[in-house]
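As stored in protein-v6.txt (compact mmCIF, N, CA and C atoms):
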```txt
# COMPACT_ATOMS: atom_id res chain seq x y z
N MET A 1 -1.91 39.26 -3.57
CA MET A 1 -3.00 38.39 -3.16
C MET A 1 -4.09 38.43 -4.22
N TYR A 2 -4.60 37.27 -4.55
CA TYR A 2 -5.66 37.14 -5.55
C TYR A 2 -6.93 36.68 -4.85
N SER A 3 -8.05 37.19 -5.29
CA SER A 3 -9.31 36.88 -4.63
C SER A 3 -10.38 36.55 -5.65
N VAL A 4 -11.13 35.49 -5.36
CA VAL A 4 -12.30 35.13 -6.14
C VAL A 4 -13.46 35.17 -5.16
N SER A 5 -14.15 36.25 -5.13
CA SER A 5 -15.21 36.54 -4.16
C SER A 5 -14.65 36.43 -2.74
N ASN A 6 -15.53 36.33 -1.78
CA ASN A 6 -15.09 36.21 -0.39
C ASN A 6 -14.79 34.76 -0.01
N LEU A 7 -15.06 33.83 -0.91
CA LEU A 7 -14.90 32.42 -0.59
C LEU A 7 -13.46 31.91 -0.76
N PHE A 8 -12.69 32.58 -1.61
CA PHE A 8 -11.35 32.07 -1.90
C PHE A 8 -10.38 33.20 -2.18
N THR A 9 -9.31 33.23 -1.43
CA THR A 9 -8.20 34.14 -1.71
C THR A 9 -6.91 33.34 -1.63
N ILE A 10 -5.93 33.76 -2.41
CA ILE A 10 -4.65 33.05 -2.44
C ILE A 10 -3.52 34.05 -2.65
N THR A 11 -2.41 33.80 -1.98
CA THR A 11 -1.23 34.65 -2.12
C THR A 11 -0.31 34.05 -3.19
N ASP A 12 0.75 34.78 -3.52
CA ASP A 12 1.74 34.24 -4.46
C ASP A 12 2.37 32.97 -3.91
N ALA A 13 2.61 32.94 -2.60
CA ALA A 13 3.16 31.73 -1.96
C ALA A 13 2.18 30.57 -2.11
N GLY A 14 0.89 30.86 -1.97
CA GLY A 14 -0.14 29.83 -2.13
C GLY A 14 -0.15 29.25 -3.53
N ILE A 15 0.05 30.11 -4.52
CA ILE A 15 0.10 29.64 -5.92
C ILE A 15 1.32 28.74 -6.12
N ALA A 16 2.46 29.14 -5.57
CA ALA A 16 3.67 28.33 -5.69
C ALA A 16 3.49 26.97 -5.01
N ILE A 17 2.91 26.97 -3.83
CA ILE A 17 2.68 25.73 -3.10
C ILE A 17 1.71 24.83 -3.86
N ALA A 18 0.67 25.40 -4.42
CA ALA A 18 -0.29 24.62 -5.21
C ALA A 18 0.40 24.01 -6.42
N GLY A 19 1.25 24.78 -7.08
CA GLY A 19 1.99 24.25 -8.23
C GLY A 19 2.90 23.10 -7.86
N ILE A 20 3.57 23.23 -6.72
CA ILE A 20 4.45 22.15 -6.25
C ILE A 20 3.63 20.91 -5.90
N ALA A 21 2.51 21.10 -5.22
CA ALA A 21 1.65 19.97 -4.86
C ALA A 21 1.14 19.26 -6.11
N ILE A 22 0.72 20.02 -7.10
CA ILE A 22 0.22 19.43 -8.34
C ILE A 22 1.34 18.66 -9.05
N ALA A 23 2.52 19.26 -9.14
CA ALA A 23 3.66 18.59 -9.80
C ALA A 23 4.04 17.29 -9.08
N LEU A 24 4.07 17.32 -7.75
CA LEU A 24 4.42 16.12 -6.99
C LEU A 24 3.38 15.02 -7.16
N MET A 25 2.12 15.38 -7.18
CA MET A 25 1.07 14.37 -7.32
C MET A 25 1.07 13.77 -8.73
N ILE A 26 1.34 14.59 -9.73
CA ILE A 26 1.45 14.06 -11.10
C ILE A 26 2.63 13.10 -11.18
N MET A 27 3.77 13.51 -10.62
CA MET A 27 4.95 12.63 -10.62
C MET A 27 4.64 11.32 -9.90
N SER A 28 4.02 11.41 -8.74
CA SER A 28 3.70 10.22 -7.95
C SER A 28 2.77 9.28 -8.71
N SER A 29 1.76 9.83 -9.35
CA SER A 29 0.80 9.01 -10.10
C SER A 29 1.45 8.36 -11.31
N LEU A 30 2.32 9.09 -12.00
CA LEU A 30 3.01 8.52 -13.15
C LEU A 30 3.97 7.41 -12.74
N VAL A 31 4.66 7.60 -11.62
CA VAL A 31 5.55 6.55 -11.11
C VAL A 31 4.73 5.33 -10.72
N ARG A 32 3.60 5.56 -10.07
CA ARG A 32 2.73 4.45 -9.68
C ARG A 32 2.23 3.69 -10.91
N ARG A 33 1.84 4.42 -11.92
CA ARG A 33 1.35 3.78 -13.15
C ARG A 33 2.45 2.96 -13.82
N ALA A 34 3.69 3.46 -13.77
CA ALA A 34 4.80 2.78 -14.42
C ALA A 34 5.29 1.57 -13.63
N THR A 35 5.14 1.57 -12.31
CA THR A 35 5.74 0.52 -11.50
C THR A 35 4.77 -0.55 -11.00
N VAL A 36 3.49 -0.24 -10.96
CA VAL A 36 2.51 -1.18 -10.41
C VAL A 36 1.75 -1.85 -11.54
N ASP A 37 1.67 -3.16 -11.47
CA ASP A 37 0.89 -3.93 -12.43
C ASP A 37 -0.56 -3.89 -11.96
N MET A 38 -1.35 -3.00 -12.56
CA MET A 38 -2.71 -2.78 -12.10
C MET A 38 -3.60 -4.01 -12.31
N GLU A 39 -3.35 -4.75 -13.37
CA GLU A 39 -4.13 -5.98 -13.60
C GLU A 39 -3.86 -7.00 -12.48
N LYS A 40 -2.61 -7.10 -12.11
CA LYS A 40 -2.24 -8.02 -11.03
C LYS A 40 -2.88 -7.57 -9.71
N MET A 41 -2.90 -6.26 -9.47
CA MET A 41 -3.52 -5.74 -8.25
C MET A 41 -5.02 -6.06 -8.22
N LYS A 42 -5.70 -5.91 -9.36
CA LYS A 42 -7.12 -6.23 -9.43
C LYS A 42 -7.35 -7.72 -9.18
N GLU A 43 -6.47 -8.53 -9.77
CA GLU A 43 -6.57 -9.98 -9.59
C GLU A 43 -6.39 -10.34 -8.11
N ILE A 44 -5.40 -9.76 -7.47
CA ILE A 44 -5.15 -10.02 -6.05
C ILE A 44 -6.36 -9.59 -5.22
N LYS A 45 -6.90 -8.43 -5.52
CA LYS A 45 -8.06 -7.92 -4.79
C LYS A 45 -9.24 -8.89 -4.91
N ASN A 46 -9.48 -9.39 -6.11
CA ASN A 46 -10.59 -10.33 -6.32
C ASN A 46 -10.35 -11.64 -5.57
N LYS A 47 -9.10 -12.14 -5.62
CA LYS A 47 -8.78 -13.37 -4.90
C LYS A 47 -8.93 -13.18 -3.39
N LEU A 48 -8.54 -12.01 -2.89
CA LEU A 48 -8.71 -11.72 -1.46
C LEU A 48 -10.18 -11.78 -1.07
N LYS A 49 -11.04 -11.20 -1.89
CA LYS A 49 -12.48 -11.24 -1.61
C LYS A 49 -12.99 -12.68 -1.57
N GLU A 50 -12.54 -13.49 -2.55
CA GLU A 50 -12.97 -14.89 -2.59
C GLU A 50 -12.54 -15.63 -1.34
N HIS A 51 -11.28 -15.46 -0.95
CA HIS A 51 -10.77 -16.17 0.22
C HIS A 51 -11.40 -15.67 1.52
N GLN A 52 -11.77 -14.42 1.58
CA GLN A 52 -12.46 -13.91 2.76
C GLN A 52 -13.86 -14.52 2.87
N GLU A 53 -14.49 -14.72 1.73
CA GLU A 53 -15.80 -15.40 1.73
C GLU A 53 -15.65 -16.85 2.20
N VAL A 54 -14.60 -17.52 1.72
CA VAL A 54 -14.33 -18.90 2.14
C VAL A 54 -14.11 -18.93 3.66
N MET A 55 -13.39 -17.96 4.18
CA MET A 55 -13.14 -17.89 5.62
C MET A 55 -14.44 -17.71 6.40
N LYS A 56 -15.34 -16.86 5.89
CA LYS A 56 -16.63 -16.67 6.55
C LYS A 56 -17.43 -17.96 6.58
N GLU A 57 -17.47 -18.63 5.42
CA GLU A 57 -18.21 -19.90 5.34
C GLU A 57 -17.61 -20.94 6.26
N ALA A 58 -16.28 -21.03 6.27
CA ALA A 58 -15.60 -22.01 7.12
C ALA A 58 -15.84 -21.70 8.60
N SER A 59 -15.88 -20.43 8.93
CA SER A 59 -16.13 -20.03 10.31
C SER A 59 -17.55 -20.42 10.74
N ARG A 60 -18.50 -20.21 9.84
CA ARG A 60 -19.89 -20.57 10.15
C ARG A 60 -20.07 -22.07 10.31
N SER A 61 -19.39 -22.84 9.45
CA SER A 61 -19.55 -24.29 9.49
C SER A 61 -18.61 -24.95 10.51
N GLY A 62 -17.66 -24.19 11.03
CA GLY A 62 -16.73 -24.74 12.02
C GLY A 62 -15.59 -25.54 11.42
N ASP A 63 -15.36 -25.42 10.12
CA ASP A 63 -14.28 -26.15 9.44
C ASP A 63 -12.98 -25.36 9.61
N MET A 64 -12.25 -25.71 10.67
CA MET A 64 -11.04 -24.96 11.01
C MET A 64 -9.91 -25.18 9.99
N LYS A 65 -9.80 -26.37 9.43
CA LYS A 65 -8.74 -26.61 8.43
C LYS A 65 -8.95 -25.75 7.19
N LYS A 66 -10.19 -25.69 6.75
CA LYS A 66 -10.51 -24.87 5.58
C LYS A 66 -10.25 -23.39 5.88
N MET A 67 -10.61 -22.98 7.08
CA MET A 67 -10.40 -21.60 7.48
C MET A 67 -8.90 -21.29 7.55
N GLN A 68 -8.12 -22.20 8.08
CA GLN A 68 -6.68 -21.99 8.20
C GLN A 68 -6.02 -21.89 6.81
N ARG A 69 -6.43 -22.76 5.88
CA ARG A 69 -5.89 -22.69 4.52
C ARG A 69 -6.23 -21.35 3.86
N ALA A 70 -7.47 -20.92 4.05
CA ALA A 70 -7.90 -19.65 3.48
C ALA A 70 -7.12 -18.48 4.11
N GLN A 71 -6.90 -18.55 5.42
CA GLN A 71 -6.13 -17.50 6.09
C GLN A 71 -4.70 -17.44 5.56
N GLU A 72 -4.09 -18.59 5.35
CA GLU A 72 -2.73 -18.62 4.81
C GLU A 72 -2.68 -17.99 3.42
N GLU A 73 -3.68 -18.28 2.61
CA GLU A 73 -3.73 -17.71 1.26
C GLU A 73 -3.96 -16.19 1.33
N VAL A 74 -4.81 -15.76 2.24
CA VAL A 74 -5.05 -14.33 2.42
C VAL A 74 -3.75 -13.63 2.82
N MET A 75 -2.98 -14.25 3.70
CA MET A 75 -1.69 -13.66 4.12
C MET A 75 -0.75 -13.53 2.93
N LYS A 76 -0.66 -14.57 2.10
CA LYS A 76 0.22 -14.53 0.92
C LYS A 76 -0.22 -13.41 -0.04
N LEU A 77 -1.52 -13.35 -0.30
CA LEU A 77 -2.05 -12.34 -1.21
C LEU A 77 -1.86 -10.93 -0.66
N THR A 78 -2.03 -10.78 0.64
CA THR A 78 -1.83 -9.48 1.28
C THR A 78 -0.38 -9.03 1.15
N MET A 79 0.55 -9.95 1.33
CA MET A 79 1.97 -9.62 1.18
C MET A 79 2.29 -9.22 -0.26
N GLU A 80 1.72 -9.93 -1.22
CA GLU A 80 1.94 -9.59 -2.63
C GLU A 80 1.36 -8.21 -2.95
N ASN A 81 0.20 -7.93 -2.40
CA ASN A 81 -0.44 -6.63 -2.58
C ASN A 81 0.45 -5.53 -1.98
N LEU A 82 1.00 -5.78 -0.81
CA LEU A 82 1.87 -4.82 -0.15
C LEU A 82 3.14 -4.58 -0.97
N LYS A 83 3.73 -5.64 -1.52
CA LYS A 83 4.92 -5.49 -2.36
C LYS A 83 4.63 -4.59 -3.56
N GLN A 84 3.50 -4.82 -4.19
CA GLN A 84 3.12 -4.01 -5.35
C GLN A 84 2.94 -2.55 -4.98
N SER A 85 2.30 -2.30 -3.85
CA SER A 85 2.01 -0.92 -3.47
C SER A 85 3.24 -0.19 -2.92
N LEU A 86 4.26 -0.91 -2.48
CA LEU A 86 5.47 -0.28 -1.97
C LEU A 86 6.46 0.10 -3.08
N LYS A 87 6.30 -0.47 -4.24
CA LYS A 87 7.21 -0.14 -5.35
C LYS A 87 7.28 1.35 -5.64
N PRO A 88 6.15 2.02 -5.87
CA PRO A 88 6.24 3.46 -6.17
C PRO A 88 6.75 4.27 -4.99
N MET A 89 6.41 3.86 -3.77
CA MET A 89 6.85 4.61 -2.61
C MET A 89 8.37 4.58 -2.48
N SER A 90 8.98 3.45 -2.82
CA SER A 90 10.43 3.36 -2.71
C SER A 90 11.13 4.31 -3.68
N ILE A 91 10.45 4.68 -4.74
CA ILE A 91 11.02 5.61 -5.72
C ILE A 91 10.74 7.06 -5.34
N THR A 92 9.57 7.33 -4.81
CA THR A 92 9.15 8.72 -4.59
C THR A 92 9.44 9.27 -3.20
N ILE A 93 9.76 8.44 -2.24
CA ILE A 93 9.89 8.91 -0.86
C ILE A 93 11.00 9.94 -0.68
N ILE A 94 12.16 9.72 -1.26
CA ILE A 94 13.28 10.65 -1.09
C ILE A 94 12.98 12.02 -1.71
N PRO A 95 12.51 12.06 -2.98
CA PRO A 95 12.16 13.39 -3.52
C PRO A 95 11.07 14.10 -2.71
N PHE A 96 10.08 13.34 -2.21
CA PHE A 96 9.03 13.95 -1.42
C PHE A 96 9.59 14.55 -0.14
N ILE A 97 10.45 13.82 0.55
CA ILE A 97 11.04 14.33 1.79
C ILE A 97 11.86 15.59 1.52
N MET A 98 12.65 15.56 0.46
CA MET A 98 13.49 16.71 0.14
C MET A 98 12.63 17.94 -0.18
N ILE A 99 11.62 17.76 -1.01
CA ILE A 99 10.77 18.90 -1.40
C ILE A 99 9.94 19.39 -0.22
N PHE A 100 9.44 18.46 0.59
CA PHE A 100 8.64 18.85 1.74
C PHE A 100 9.48 19.62 2.75
N THR A 101 10.72 19.19 2.95
CA THR A 101 11.64 19.90 3.84
C THR A 101 11.90 21.31 3.31
N TRP A 102 12.11 21.41 2.01
CA TRP A 102 12.33 22.72 1.39
C TRP A 102 11.09 23.60 1.55
N LEU A 103 9.90 23.03 1.32
CA LEU A 103 8.66 23.80 1.48
C LEU A 103 8.56 24.36 2.90
N LYS A 104 8.85 23.52 3.87
CA LYS A 104 8.77 23.96 5.27
C LYS A 104 9.75 25.10 5.52
N SER A 105 10.98 24.96 5.01
CA SER A 105 11.97 26.01 5.25
C SER A 105 11.59 27.32 4.57
N GLN A 106 10.92 27.25 3.45
CA GLN A 106 10.54 28.45 2.71
C GLN A 106 9.26 29.12 3.22
N TYR A 107 8.29 28.31 3.64
CA TYR A 107 6.96 28.86 3.91
C TYR A 107 6.47 28.69 5.34
N ALA A 108 7.30 28.18 6.25
CA ALA A 108 6.87 27.97 7.63
C ALA A 108 6.41 29.27 8.29
N ASN A 109 7.04 30.36 7.94
CA ASN A 109 6.69 31.65 8.55
C ASN A 109 5.84 32.53 7.63
N ALA A 110 5.29 31.95 6.60
CA ALA A 110 4.52 32.73 5.63
C ALA A 110 3.15 33.12 6.15
N GLY A 111 2.68 32.47 7.19
CA GLY A 111 1.33 32.77 7.70
C GLY A 111 0.27 32.18 6.79
N THR A 112 -0.80 32.91 6.60
CA THR A 112 -1.90 32.44 5.76
C THR A 112 -1.51 32.57 4.29
N VAL A 113 -1.54 31.45 3.56
CA VAL A 113 -1.21 31.48 2.13
C VAL A 113 -2.47 31.36 1.28
N ALA A 114 -3.56 30.90 1.89
CA ALA A 114 -4.83 30.81 1.16
C ALA A 114 -5.97 30.84 2.17
N THR A 115 -7.10 31.34 1.74
CA THR A 115 -8.32 31.32 2.54
C THR A 115 -9.39 30.66 1.68
N LEU A 116 -9.97 29.61 2.23
CA LEU A 116 -10.98 28.85 1.51
C LEU A 116 -12.22 28.75 2.38
N PHE A 117 -13.34 29.31 1.90
CA PHE A 117 -14.61 29.31 2.63
C PHE A 117 -14.45 29.88 4.04
N GLY A 118 -13.61 30.90 4.17
CA GLY A 118 -13.42 31.55 5.46
C GLY A 118 -12.37 30.93 6.35
N PHE A 119 -11.78 29.82 5.93
CA PHE A 119 -10.74 29.17 6.73
C PHE A 119 -9.37 29.60 6.23
N ASP A 120 -8.58 30.21 7.13
CA ASP A 120 -7.22 30.60 6.79
C ASP A 120 -6.32 29.36 6.86
N MET A 121 -5.52 29.17 5.83
CA MET A 121 -4.66 28.00 5.78
C MET A 121 -3.20 28.40 5.66
N ASN A 122 -2.38 27.75 6.48
CA ASN A 122 -0.94 27.95 6.35
C ASN A 122 -0.43 27.06 5.22
N TRP A 123 0.88 27.05 5.01
CA TRP A 123 1.45 26.32 3.88
C TRP A 123 1.10 24.84 3.94
N PHE A 124 1.14 24.21 5.09
CA PHE A 124 0.93 22.77 5.19
C PHE A 124 -0.49 22.37 4.77
N TRP A 125 -1.48 23.05 5.34
CA TRP A 125 -2.87 22.68 5.04
C TRP A 125 -3.23 23.00 3.59
N TRP A 126 -2.68 24.07 3.06
CA TRP A 126 -2.93 24.40 1.65
C TRP A 126 -2.29 23.34 0.75
N TYR A 127 -1.07 22.94 1.06
CA TYR A 127 -0.40 21.87 0.31
C TYR A 127 -1.24 20.60 0.37
N PHE A 128 -1.68 20.24 1.58
CA PHE A 128 -2.44 19.02 1.79
C PHE A 128 -3.72 18.99 0.95
N ILE A 129 -4.48 20.08 0.98
CA ILE A 129 -5.73 20.14 0.20
C ILE A 129 -5.44 20.05 -1.29
N CYS A 130 -4.44 20.79 -1.76
CA CYS A 130 -4.08 20.73 -3.19
C CYS A 130 -3.62 19.33 -3.59
N ALA A 131 -2.82 18.70 -2.74
CA ALA A 131 -2.31 17.36 -3.05
C ALA A 131 -3.42 16.33 -3.10
N VAL A 132 -4.33 16.37 -2.14
CA VAL A 132 -5.42 15.39 -2.11
C VAL A 132 -6.33 15.54 -3.33
N ILE A 133 -6.72 16.76 -3.62
CA ILE A 133 -7.61 16.99 -4.77
C ILE A 133 -6.91 16.57 -6.07
N THR A 134 -5.66 16.97 -6.23
CA THR A 134 -4.92 16.62 -7.45
C THR A 134 -4.75 15.11 -7.56
N SER A 135 -4.41 14.47 -6.46
CA SER A 135 -4.20 13.02 -6.47
C SER A 135 -5.47 12.28 -6.89
N ILE A 136 -6.59 12.69 -6.35
CA ILE A 136 -7.86 12.05 -6.71
C ILE A 136 -8.14 12.23 -8.20
N LEU A 137 -7.99 13.45 -8.71
CA LEU A 137 -8.26 13.71 -10.12
C LEU A 137 -7.32 12.95 -11.04
N ILE A 138 -6.03 13.00 -10.76
CA ILE A 138 -5.04 12.31 -11.62
C ILE A 138 -5.25 10.81 -11.59
N ASN A 139 -5.49 10.25 -10.40
CA ASN A 139 -5.70 8.80 -10.30
C ASN A 139 -6.96 8.36 -11.04
N LYS A 140 -7.99 9.19 -11.02
CA LYS A 140 -9.20 8.87 -11.80
C LYS A 140 -8.89 8.92 -13.29
N ILE A 141 -8.17 9.94 -13.72
CA ILE A 141 -7.84 10.09 -15.13
C ILE A 141 -6.97 8.92 -15.61
N LEU A 142 -6.01 8.50 -14.79
CA LEU A 142 -5.11 7.41 -15.18
C LEU A 142 -5.64 6.03 -14.80
N ASN A 143 -6.88 5.96 -14.29
CA ASN A 143 -7.50 4.71 -13.88
C ASN A 143 -6.66 3.96 -12.85
N LEU A 144 -6.13 4.68 -11.87
CA LEU A 144 -5.34 4.06 -10.82
C LEU A 144 -6.15 3.78 -9.56
N ILE A 145 -7.38 4.25 -9.56
CA ILE A 145 -8.25 4.00 -8.39
C ILE A 145 -9.21 2.88 -8.73
```
Represent the supplied structure as structure tokens.
Amino acid sequence: MYSVSNLFTITDAGIAIAGIAIALMIMSSLVRRATVDMEKMKEIKNKLKEHQEVMKEASRSGDMKKMQRAQEEVMKLTMENLKQSLKPMSITIIPFIMIFTWLKSQYANAGTVATLFGFDMNWFWWYFICAVITSILINKILNLI
């Protein structure tokens, strides 16, 4: 067990779980960067904002035809956005399930693997915190957010 003051302690299992979480998040971010056209996503996002404004204006003025056209365009853009965002998931879902299942089988009975600010964390919560922090940092570095 390793300790950095009373605020943070981690076991060898906690270090292994953190390493796995970091590796998975790096892999996920790299796959996302390789498969998603970020310029297209930004363009879709901007068009969605424009059409939502048109819908608001049409709603205020009572122009139902204009509102319906804008809604149809929003639906198309939303579907395109969904297609783009599902590309990386279709590649990473199987490895994630396999590794997560393995993590559970290895560390389900490990008990506390890390203590952060007085909170004891089992393997799942420690993985979750490591994954979220790593994902945010990597996505900022790769300009994916």
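The closest residue to Asn143 of chain A, picked from A:Ile99, A:Glu57, A:Met38, A:Gly118 and counting only N, CA and C atoms, is A:Met38.
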If you count all atoms listed in the file, which residues fall within 7 Å of segment 52-54 of chain A, apart from same-chain ones fewer than 2 positions away, as a PDB file with N, CA and C atoms, keeping the file's coordinate frame?
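Result went into around.pdb, see below:
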```
ATOM      1  N   LYS A  47      -9.100 -12.140  -5.620  1.00  0.00           N
ATOM      2  CA  LYS A  47      -8.780 -13.370  -4.900  1.00  0.00           C
ATOM      3  C   LYS A  47      -8.930 -13.180  -3.390  1.00  0.00           C
ATOM      4  N   LEU A  48      -8.540 -12.010  -2.890  1.00  0.00           N
ATOM      5  CA  LEU A  48      -8.710 -11.720  -1.460  1.00  0.00           C
ATOM      6  C   LEU A  48     -10.180 -11.780  -1.070  1.00  0.00           C
ATOM      7  N   LYS A  49     -11.040 -11.200  -1.890  1.00  0.00           N
ATOM      8  CA  LYS A  49     -12.480 -11.240  -1.610  1.00  0.00           C
ATOM      9  C   LYS A  49     -12.990 -12.680  -1.570  1.00  0.00           C
ATOM     10  N   GLU A  50     -12.540 -13.490  -2.550  1.00  0.00           N
ATOM     11  CA  GLU A  50     -12.970 -14.890  -2.590  1.00  0.00           C
ATOM     12  C   GLU A  50     -12.540 -15.630  -1.340  1.00  0.00           C
ATOM     13  N   LYS A  56     -15.340 -16.860   5.890  1.00  0.00           N
ATOM     14  CA  LYS A  56     -16.630 -16.670   6.550  1.00  0.00           C
ATOM     15  C   LYS A  56     -17.430 -17.960   6.580  1.00  0.00           C
ATOM     16  N   GLU A  57     -17.470 -18.630   5.420  1.00  0.00           N
ATOM     17  CA  GLU A  57     -18.210 -19.900   5.340  1.00  0.00           C
ATOM     18  C   GLU A  57     -17.610 -20.940   6.260  1.00  0.00           C
ATOM     19  N   ALA A  58     -16.280 -21.030   6.270  1.00  0.00           N
ATOM     20  CA  ALA A  58     -15.600 -22.010   7.120  1.00  0.00           C
ATOM     21  C   ALA A  58     -15.840 -21.700   8.600  1.00  0.00           C
ATOM     22  N   SER A  59     -15.880 -20.430   8.930  1.00  0.00           N
ATOM     23  CA  SER A  59     -16.130 -20.030  10.310  1.00  0.00           C
ATOM     24  C   SER A  59     -17.550 -20.420  10.740  1.00  0.00           C
ATOM     25  N   LYS A  66     -10.190 -25.690   6.750  1.00  0.00           N
ATOM     26  CA  LYS A  66     -10.510 -24.870   5.580  1.00  0.00           C
ATOM     27  C   LYS A  66     -10.250 -23.390   5.880  1.00  0.00           C
ATOM     28  N   MET A  67     -10.610 -22.980   7.080  1.00  0.00           N
ATOM     29  CA  MET A  67     -10.400 -21.600   7.480  1.00  0.00           C
ATOM     30  C   MET A  67      -8.900 -21.290   7.550  1.00  0.00           C
ATOM     31  N   ALA A  70      -7.470 -20.920   4.050  1.00  0.00           N
ATOM     32  CA  ALA A  70      -7.900 -19.650   3.480  1.00  0.00           C
ATOM     33  C   ALA A  70      -7.120 -18.480   4.110  1.00  0.00           C
ATOM     34  N   VAL A  74      -4.810 -15.760   2.240  1.00  0.00           N
ATOM     35  CA  VAL A  74      -5.050 -14.330   2.420  1.00  0.00           C
ATOM     36  C   VAL A  74      -3.750 -13.630   2.820  1.00  0.00           C
TER      37      VAL A  74
END
```
Once 8 Å is added on each side, what are the centre and the three edge lengths, in Å to one decimal, of the axis-aligned box enclosing the listed atoms of segment 87-102 of chain A? Present them as JSON.
```
{"center_x": 9.8, "center_y": 11.6, "center_z": -1.2, "size_x": 23.3, "size_y": 40.1, "size_z": 26.0}
```
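The coordinates place atom C of Ala13 of chain A at 8.5 Å from atom C of Asn122 of chain A.
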request  = Excluding Asp12 of chain A and residues on its chain fewer than 6 positions from it, collect all residues at most 7 Å away from it, counting only N, CA and C atoms, and give them as a list in words.
outcome  =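 The filter keeps Met1, Tyr2 and Val113 of chain A.
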Ile93 of chain A environment, 12 Å, only C-alpha atoms, sequence neighbours closer than 4 positions dropped, as a ChimeraX atom specification = /A:24,27-28,31,86-89,97-100
Would you put the residues from that selection into a file with N, CA and C atoms, as a compact mmCIF listing (two decimals), in the coordinates of the input?
```txt
# COMPACT_ATOMS: atom_id res chain seq x y z
N LEU A 24 4.07 17.32 -7.75
CA LEU A 24 4.42 16.12 -6.99
C LEU A 24 3.38 15.02 -7.16
N MET A 27 3.77 13.51 -10.62
CA MET A 27 4.95 12.63 -10.62
C MET A 27 4.64 11.32 -9.90
N SER A 28 4.02 11.41 -8.74
CA SER A 28 3.70 10.22 -7.95
C SER A 28 2.77 9.28 -8.71
N VAL A 31 4.66 7.60 -11.62
CA VAL A 31 5.55 6.55 -11.11
C VAL A 31 4.73 5.33 -10.72
N LEU A 86 4.26 -0.91 -2.48
CA LEU A 86 5.47 -0.28 -1.97
C LEU A 86 6.46 0.10 -3.08
N LYS A 87 6.30 -0.47 -4.24
CA LYS A 87 7.21 -0.14 -5.35
C LYS A 87 7.28 1.35 -5.64
N PRO A 88 6.15 2.02 -5.87
CA PRO A 88 6.24 3.46 -6.17
C PRO A 88 6.75 4.27 -4.99
N MET A 89 6.41 3.86 -3.77
CA MET A 89 6.85 4.61 -2.61
C MET A 89 8.37 4.58 -2.48
N ILE A 97 10.45 13.82 0.55
CA ILE A 97 11.04 14.33 1.79
C ILE A 97 11.86 15.59 1.52
N MET A 98 12.65 15.56 0.46
CA MET A 98 13.49 16.71 0.14
C MET A 98 12.63 17.94 -0.18
N ILE A 99 11.62 17.76 -1.01
CA ILE A 99 10.77 18.90 -1.40
C ILE A 99 9.94 19.39 -0.22
N PHE A 100 9.44 18.46 0.59
CA PHE A 100 8.64 18.85 1.74
C PHE A 100 9.48 19.62 2.75
```
request  = Find the residue from A:Ala23, A:Thr11, A:Arg33, A:Gln68 that sits nearest to Ile141 of chain A; use only C-alpha atoms when measuring.
outcome  =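 Smallest separation from Ile141 of chain A among the options: A:Arg33.
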remark   = One decimal place gives the atom C of Trp125 of chain A-atom C of Leu142 of chain A separation as 25.1 Å
key: segment 135-140 of chain A environment, 8 Å, only N, CA and C atoms, sequence neighbours closer than 2 positions dropped, as a PyMOL selection string   = chain A and resi 21-22+24-26+29-30+129-133+142-145
message = Please determine, counting only C-alpha atoms, which residue among A:Asn81, A:Pro95, A:Gly14, A:Lys42 has the shortest atom-to-atom distance to Phe124 of chain A.
response = A:Gly14
query = In chain A, what's alpha helix (DSSP H) per DSSP? Answer as a count of residues only?
reply = 111
query = Can you tell me how far atom C of Arg32 of chain A sits from atom CA of Leu82 of chain A, in Å to one decimal?
reply = 13.7 Å
Top pick for closest residue to Lys76 of chain A, considering A:Ile94, A:His51, A:Val36, A:Ala108 and counting only C-alpha atoms = A:His51
